[in-house]
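Structure, as structure tokens:
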Amino acid sequence: MAAPALARCMARTGVLPLGQAWGRAPRLPPSPLPAQRRAFSNNKVLVELDESAGVATMKFKSPPVNSLSLDFLTEFCISLEKLENDRACRGVILTSAVPKIFSSGLDITEMCGKSTEHYAEFWRAVQEMWLRLYSSNMVTVAAVNGSSPAGGCLIALTCDYRIMAENPKFSIGLNEAQLGIVAPFWFKDTFVNVVGHRVAESSLQLGSLHSAPEAHRIGLVDELVPEEKLKDRATAVMQQWLALPDHARQLTKTMMRKAVLDRLVAHREEDVQNFISFISKESIQKSLRMYMEMLKKKKS
Ligand SMILES: CC/C=C\C/C=C\CCCC/C=C/C(=O)SCCNC(=O)CCNC(=O)[C@H](O)C(C)(C)COP(=O)(O)OP(=O)(O)OC[C@H]1O[C@@H](n2cnc3c(N)ncnc32)[C@H](O)[C@@H]1OP(=O)(O)O
């Protein structure tokens with residue numbers, strides 16, 4: 001099915017028609033076939049799978065800033081689903097193919113001046129991305145090789161482990177408050193699960209974007225490495241996680257994340273309606289427009 005048709009299907013049903021994000025059977029180790037590398041790609045995500053290691057790398061390639069548009073989110077979910085259903089894949093490293101940017105977060109143009117139907121479709125796609133990634137049976141490692149505000153930070157937070165490149169120009173955080181918008185409860189829950197309540201509370205209220213050292217200090221990222229070592233370090237961490245039996249790790253992950261996942265699943269439609277009424281407010285639209293103008297002015 002083509003991406004637009006899938007997006008429409010997601011809008012109708014609220015889920016990708018590719019399989020279930022819930023109650024999957026535990027993953028089995030890959031079969032002992034000869035070493036093999038495979039790659040597949042769509043417009044937004046490049047996937048390379050090293051079958052001998054059981055590890056895939058998903059590289060975001062949506063220049064200029066890897067914003068999470070409806071197309072991006074759809075392609076991301078399709079790629080993740082493919083890997084999830086591939087017995088040869090036990091772990092995935094998420095990173096960016098765009099220099100200096102991991103992801104600039106939700107595509108603001110998807111939230112400005114659009115119809116109610118569009119907002120619903122977009123928001124279901126954002127939910128779907130998070131549900132699939134947070135509940136993934138695979139080990140997920142974020143190799144944060146660039147700035148990562150808001151939705152970009154959410155992707156990193158949703159992984160099992162985060163490694164960030166030490167670069168003074170990169171920042172990461174849930175900065176929604178700076179845009180005059182509010183991080184939804186499941187963004188907040190994911191953040192709290194990583195950094196704890198006190199740090200999350202001040203960081204969210206201030207809409208803080210943290211430098212790499214600060215992000216490390218507050219536990220937002222697990223480690224910092226020089227940029228040129230990021231890929232190797234992500235691979236090493238992945239090997240360490242994959243050394244454990246899948247079933248024990250997967251059941252533990254489910255135990256740790258279930259309450260937060262269940263909360264969105266139980267309130268999914270209500271969350272879509274909240275998003276629509278919030279984002280449709282004229283004051284919110286004005287804030288977003290001003291923010292976009294500020295981004296453009298910054299360039300000139
Ligand atoms: C009660 C509550 C109930 C429900 C909740 C309701 C709603 C709210 C929930 C919404 C949650 C939102 C989450 C988000 O992710 S919002 C997005 C936040 N993102 C940002 O703030 C990042 C903005 N961008 C930047 O800071 C910089 O662009 C960045 C990433 C540091 C890169 O800088 P640089 O390399 O200098 O590039 P430019 O700034 O020049 O940008 C290039 C180009 O891209 C455009 N752009 C940047 N970011 C976005 C974006 N997120 N969406 C769309 N477009 C983006 C930018 O405008 C430039 O465009 P141009 O045409 O000028 O080339």
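In the structure tokens, each chain is lettered A, B, ... as it comes, each chain's residues begin at 1, and ligands are numbered from 1 in order of appearance.
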Between chain A and ligand 1, at 7 Å or less, what are the per-residue closest atom pairs and their distances in Å? Count only C-alpha atoms and all ligand atoms, order by chain and rising residue number, and return it as a tab-separated table.
residue	atom	partner	partner_atom_place_in_ligand_line	distance
A:Pro64	CA	ligand 1	42 (C)	5.6
A:Val65	CA	ligand 1	44 (O)	5.5
A:Ser67	CA	ligand 1	51 (N)	5.1
A:Ile101	CA	ligand 1	30 (C)	6.3
A:Ser103	CA	ligand 1	30 (C)	6.6
A:Ser104	CA	ligand 1	30 (C)	4.1
A:Gly105	CA	ligand 1	15 (O)	3.6
A:Leu106	CA	ligand 1	15 (O)	3.6
A:Asp107	CA	ligand 1	52 (N)	3.4
A:Ile108	CA	ligand 1	52 (N)	3.9
A:Thr109	CA	ligand 1	53 (C)	5.4
A:Ser147	CA	ligand 1	31 (C)	5.8
A:Ser148	CA	ligand 1	30 (C)	6.9
A:Pro149	CA	ligand 1	19 (N)	5.3
A:Ala150	CA	ligand 1	15 (O)	4.0
A:Gly151	CA	ligand 1	15 (O)	3.6
A:Gly152	CA	ligand 1	15 (O)	6.5
A:Asn175	CA	ligand 1	21 (O)	6.4
A:Glu176	CA	ligand 1	12 (C)	5.8
A:Leu179	CA	ligand 1	21 (O)	6.7
A:Ile181	CA	ligand 1	8 (C)	5.2
A:Val182	CA	ligand 1	8 (C)	5.0
A:Ala183	CA	ligand 1	9 (C)	5.1
A:Pro184	CA	ligand 1	5 (C)	4.6
A:Asp271	CA	ligand 1	4 (C)	6.5
A:Asn274	CA	ligand 1	3 (C)	5.0
A:Phe275	CA	ligand 1	6 (C)	4.1
A:Phe278	CA	ligand 1	6 (C)	5.3
A:Ile279	CA	ligand 1	7 (C)	5.6
A:Met292	CA	ligand 1	57 (O)	5.6
A:Leu295	CA	ligand 1	57 (O)	5.2
A:Lys296	CA	ligand 1	62 (O)	4.5
A:Lys299	CA	ligand 1	40 (O)	5.7
- Task: Compile the contact shell of Val55 in chain A as a list in words: residues with an atom at most 10 Å away, counting only C-alpha atoms, same-chain residues fewer than 2 positions apart removed.
- Result: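 Final neighbour list, sorted by chain and number: Arg37, Glu48, Leu49, Asp50, Glu51, Ser52, Ala53, Thr57, Met58, Leu83, Ala88, Cys89, Arg90, Gly91, Val92, Ile93, Met138, Val139, Thr140, Thr235, Met238, Gln239 and Leu242 of chain A.
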Take the residues from that selection and write them out as a PDB file, in the first residue's frame, keeping C-alpha atoms.
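Full text of again.pdb as output:
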ATOM      1  CA  ARG A  37      23.412  -6.997   4.783  1.00  0.00           C
ATOM      2  CA  GLU A  48      20.214  -0.881   6.683  1.00  0.00           C
ATOM      3  CA  LEU A  49      19.955  -4.313   8.234  1.00  0.00           C
ATOM      4  CA  ASP A  50      22.999  -6.294   9.276  1.00  0.00           C
ATOM      5  CA  GLU A  51      21.504  -9.761   9.505  1.00  0.00           C
ATOM      6  CA  SER A  52      24.554 -11.361  11.042  1.00  0.00           C
ATOM      7  CA  ALA A  53      24.387  -8.955  13.992  1.00  0.00           C
ATOM      8  CA  THR A  57      19.983   1.250  11.483  1.00  0.00           C
ATOM      9  CA  MET A  58      17.141   3.610  10.645  1.00  0.00           C
ATOM     10  CA  LEU A  83      11.805  -4.611  11.093  1.00  0.00           C
ATOM     11  CA  ALA A  88      16.566 -11.390  11.510  1.00  0.00           C
ATOM     12  CA  CYS A  89      16.260  -8.088  13.365  1.00  0.00           C
ATOM     13  CA  ARG A  90      16.547  -7.850  17.164  1.00  0.00           C
ATOM     14  CA  GLY A  91      17.662  -4.271  17.581  1.00  0.00           C
ATOM     15  CA  VAL A  92      17.423  -0.917  15.840  1.00  0.00           C
ATOM     16  CA  ILE A  93      19.625   2.165  16.021  1.00  0.00           C
ATOM     17  CA  MET A 138      13.415  -4.760  19.591  1.00  0.00           C
ATOM     18  CA  VAL A 139      16.206  -3.050  21.500  1.00  0.00           C
ATOM     19  CA  THR A 140      16.055   0.596  20.458  1.00  0.00           C
ATOM     20  CA  THR A 235      26.846  -0.597  17.905  1.00  0.00           C
ATOM     21  CA  MET A 238      23.498  -2.626  21.087  1.00  0.00           C
ATOM     22  CA  GLN A 239      25.710  -5.717  21.313  1.00  0.00           C
ATOM     23  CA  LEU A 242      21.510  -8.121  22.688  1.00  0.00           C
TER      24      LEU A 242
END
- Item | alpha helix (DSSP H) call set, DSSP backbone run, range 100-189 of chain A, as JSON, numbers by chain | {"A": [116, 117, 118, 119, 120, 121, 122, 123, 124, 125, 126, 127, 128, 129, 130, 131, 132, 133, 134, 151, 152, 153, 154, 155, 156, 157, 158, 185, 186, 187, 188, 189]}
Please write the residues from the selection above to a file, keeping N, CA and C atoms, as a short mmCIF file (atom, residue, chain, number, x, y, z; two decimals), in the first residue's frame.
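Wrote it out as again-v6.cif, contents follow:
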data_model
loop_
_atom_site.label_atom_id
_atom_site.label_comp_id
_atom_site.auth_asym_id
_atom_site.auth_seq_id
_atom_site.Cartn_x
_atom_site.Cartn_y
_atom_site.Cartn_z
N THR A 116 -9.91 20.25 10.49
CA THR A 116 -10.06 19.37 11.66
C THR A 116 -9.68 17.94 11.28
N GLU A 117 -10.10 17.52 10.08
CA GLU A 117 -9.80 16.15 9.62
C GLU A 117 -8.30 15.95 9.51
N HIS A 118 -7.63 16.98 9.01
CA HIS A 118 -6.17 16.87 8.87
C HIS A 118 -5.51 16.77 10.25
N TYR A 119 -5.95 17.60 11.20
CA TYR A 119 -5.36 17.54 12.54
C TYR A 119 -5.56 16.15 13.14
N ALA A 120 -6.75 15.57 12.94
CA ALA A 120 -7.03 14.24 13.50
C ALA A 120 -6.09 13.20 12.88
N GLU A 121 -5.95 13.28 11.56
CA GLU A 121 -5.09 12.32 10.85
C GLU A 121 -3.64 12.46 11.31
N PHE A 122 -3.21 13.71 11.41
CA PHE A 122 -1.82 13.95 11.82
C PHE A 122 -1.58 13.44 13.24
N TRP A 123 -2.53 13.76 14.14
CA TRP A 123 -2.29 13.40 15.53
C TRP A 123 -2.30 11.88 15.74
N ARG A 124 -3.18 11.19 14.98
CA ARG A 124 -3.19 9.71 15.09
C ARG A 124 -1.85 9.14 14.62
N ALA A 125 -1.27 9.79 13.62
CA ALA A 125 0.03 9.31 13.13
C ALA A 125 1.13 9.55 14.17
N VAL A 126 1.05 10.68 14.90
CA VAL A 126 2.04 10.95 15.96
C VAL A 126 1.87 9.88 17.06
N GLN A 127 0.63 9.64 17.45
CA GLN A 127 0.36 8.62 18.48
C GLN A 127 0.90 7.26 18.04
N GLU A 128 0.63 6.92 16.78
CA GLU A 128 1.02 5.60 16.26
C GLU A 128 2.54 5.42 16.31
N MET A 129 3.24 6.47 15.93
CA MET A 129 4.71 6.41 15.96
C MET A 129 5.18 6.09 17.38
N TRP A 130 4.62 6.82 18.34
CA TRP A 130 5.07 6.64 19.73
C TRP A 130 4.67 5.26 20.26
N LEU A 131 3.42 4.84 19.99
CA LEU A 131 2.95 3.53 20.49
C LEU A 131 3.83 2.40 19.97
N ARG A 132 4.14 2.47 18.69
CA ARG A 132 4.95 1.40 18.07
C ARG A 132 6.38 1.38 18.62
N LEU A 133 6.95 2.58 18.74
CA LEU A 133 8.35 2.63 19.18
C LEU A 133 8.46 2.29 20.67
N TYR A 134 7.55 2.81 21.48
CA TYR A 134 7.65 2.59 22.93
C TYR A 134 7.36 1.12 23.29
N GLY A 151 9.32 16.95 19.46
CA GLY A 151 9.05 15.61 18.94
C GLY A 151 10.31 14.82 18.62
N GLY A 152 11.39 15.53 18.29
CA GLY A 152 12.67 14.85 18.04
C GLY A 152 13.21 14.26 19.33
N CYS A 153 13.07 15.04 20.41
CA CYS A 153 13.48 14.57 21.73
C CYS A 153 12.60 13.39 22.15
N LEU A 154 11.30 13.48 21.82
CA LEU A 154 10.39 12.37 22.17
C LEU A 154 10.86 11.06 21.54
N ILE A 155 11.28 11.11 20.29
CA ILE A 155 11.76 9.88 19.63
C ILE A 155 12.93 9.30 20.43
N ALA A 156 13.87 10.16 20.81
CA ALA A 156 15.03 9.68 21.58
C ALA A 156 14.58 9.12 22.93
N LEU A 157 13.68 9.84 23.61
CA LEU A 157 13.20 9.39 24.93
C LEU A 157 12.48 8.05 24.86
N THR A 158 11.88 7.78 23.71
CA THR A 158 11.07 6.58 23.53
C THR A 158 11.95 5.34 23.34
N PHE A 185 0.16 14.49 27.62
CA PHE A 185 0.50 13.72 28.83
C PHE A 185 1.45 12.57 28.54
N TRP A 186 1.37 11.99 27.35
CA TRP A 186 2.23 10.82 27.08
C TRP A 186 3.65 11.24 26.71
N PHE A 187 3.84 12.46 26.19
CA PHE A 187 5.20 13.01 26.06
C PHE A 187 5.77 13.17 27.48
N LYS A 188 4.94 13.78 28.33
CA LYS A 188 5.36 14.06 29.72
C LYS A 188 5.68 12.75 30.45
N ASP A 189 4.79 11.76 30.32
CA ASP A 189 5.03 10.47 31.01
C ASP A 189 6.34 9.84 30.55
#
- Residues flagged strand (DSSP E) by DSSP in range 13-150 of chain A, as a PyMOL selection string: chain A and resi 37-41+45-50+55-60+91-96+100-101+139-144+146-149
- Query: Closest to Val144 in chain A among A:Tyr291, A:Phe170, A:Tyr161, A:Phe102, using only C-alpha atoms?
  - Reply: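 Looking at the shortest contact to Val144 in chain A, the residue is A:Phe102.
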- Query: Between CA of Cys77 in chain A and CA of Asn137 in chain A, what is the spacing in Å?
  - Reply: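 Computing the Euclidean distance for CA of Asn137 in chain A and CA of Cys77 in chain A yields 14.2 Å.
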- How far is it from CA of Lys114 in chain A to CA of Ile276 in chain A, in Å with one decimal?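 According to the coordinates, CA of Lys114 in chain A and CA of Ile276 in chain A are separated by 10.4 Å.
Of the residues listed (A:Asp71, A:Lys82, A:Lys44, A:Thr95), A:Thr95 shows the shortest atom-to-atom separation from Lys59 in chain A; distances use only C-alpha atoms.
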- Message: as a list in words, please: the residues near His210 in chain A (cut-off 8 Å, only C-alpha atoms, same-chain neighbours under 3 positions excluded).
- Response: Ser171, Ile172, Gly173, Pro213, Glu214 and Ala215 of chain A
So that I have them on file, write out the residues from the current selection with C-alpha atoms, as a short mmCIF file (atom, residue, chain, number, x, y, z; two decimals), in the first residue's frame.
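File produced: selection.cif:
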data_model
loop_
_atom_site.label_atom_id
_atom_site.label_comp_id
_atom_site.auth_asym_id
_atom_site.auth_seq_id
_atom_site.Cartn_x
_atom_site.Cartn_y
_atom_site.Cartn_z
CA SER A 171 20.53 20.78 22.01
CA ILE A 172 17.74 18.49 23.12
CA GLY A 173 14.56 18.87 25.16
CA PRO A 213 26.53 18.05 28.76
CA GLU A 214 23.44 19.31 30.59
CA ALA A 215 21.26 16.63 28.98
#
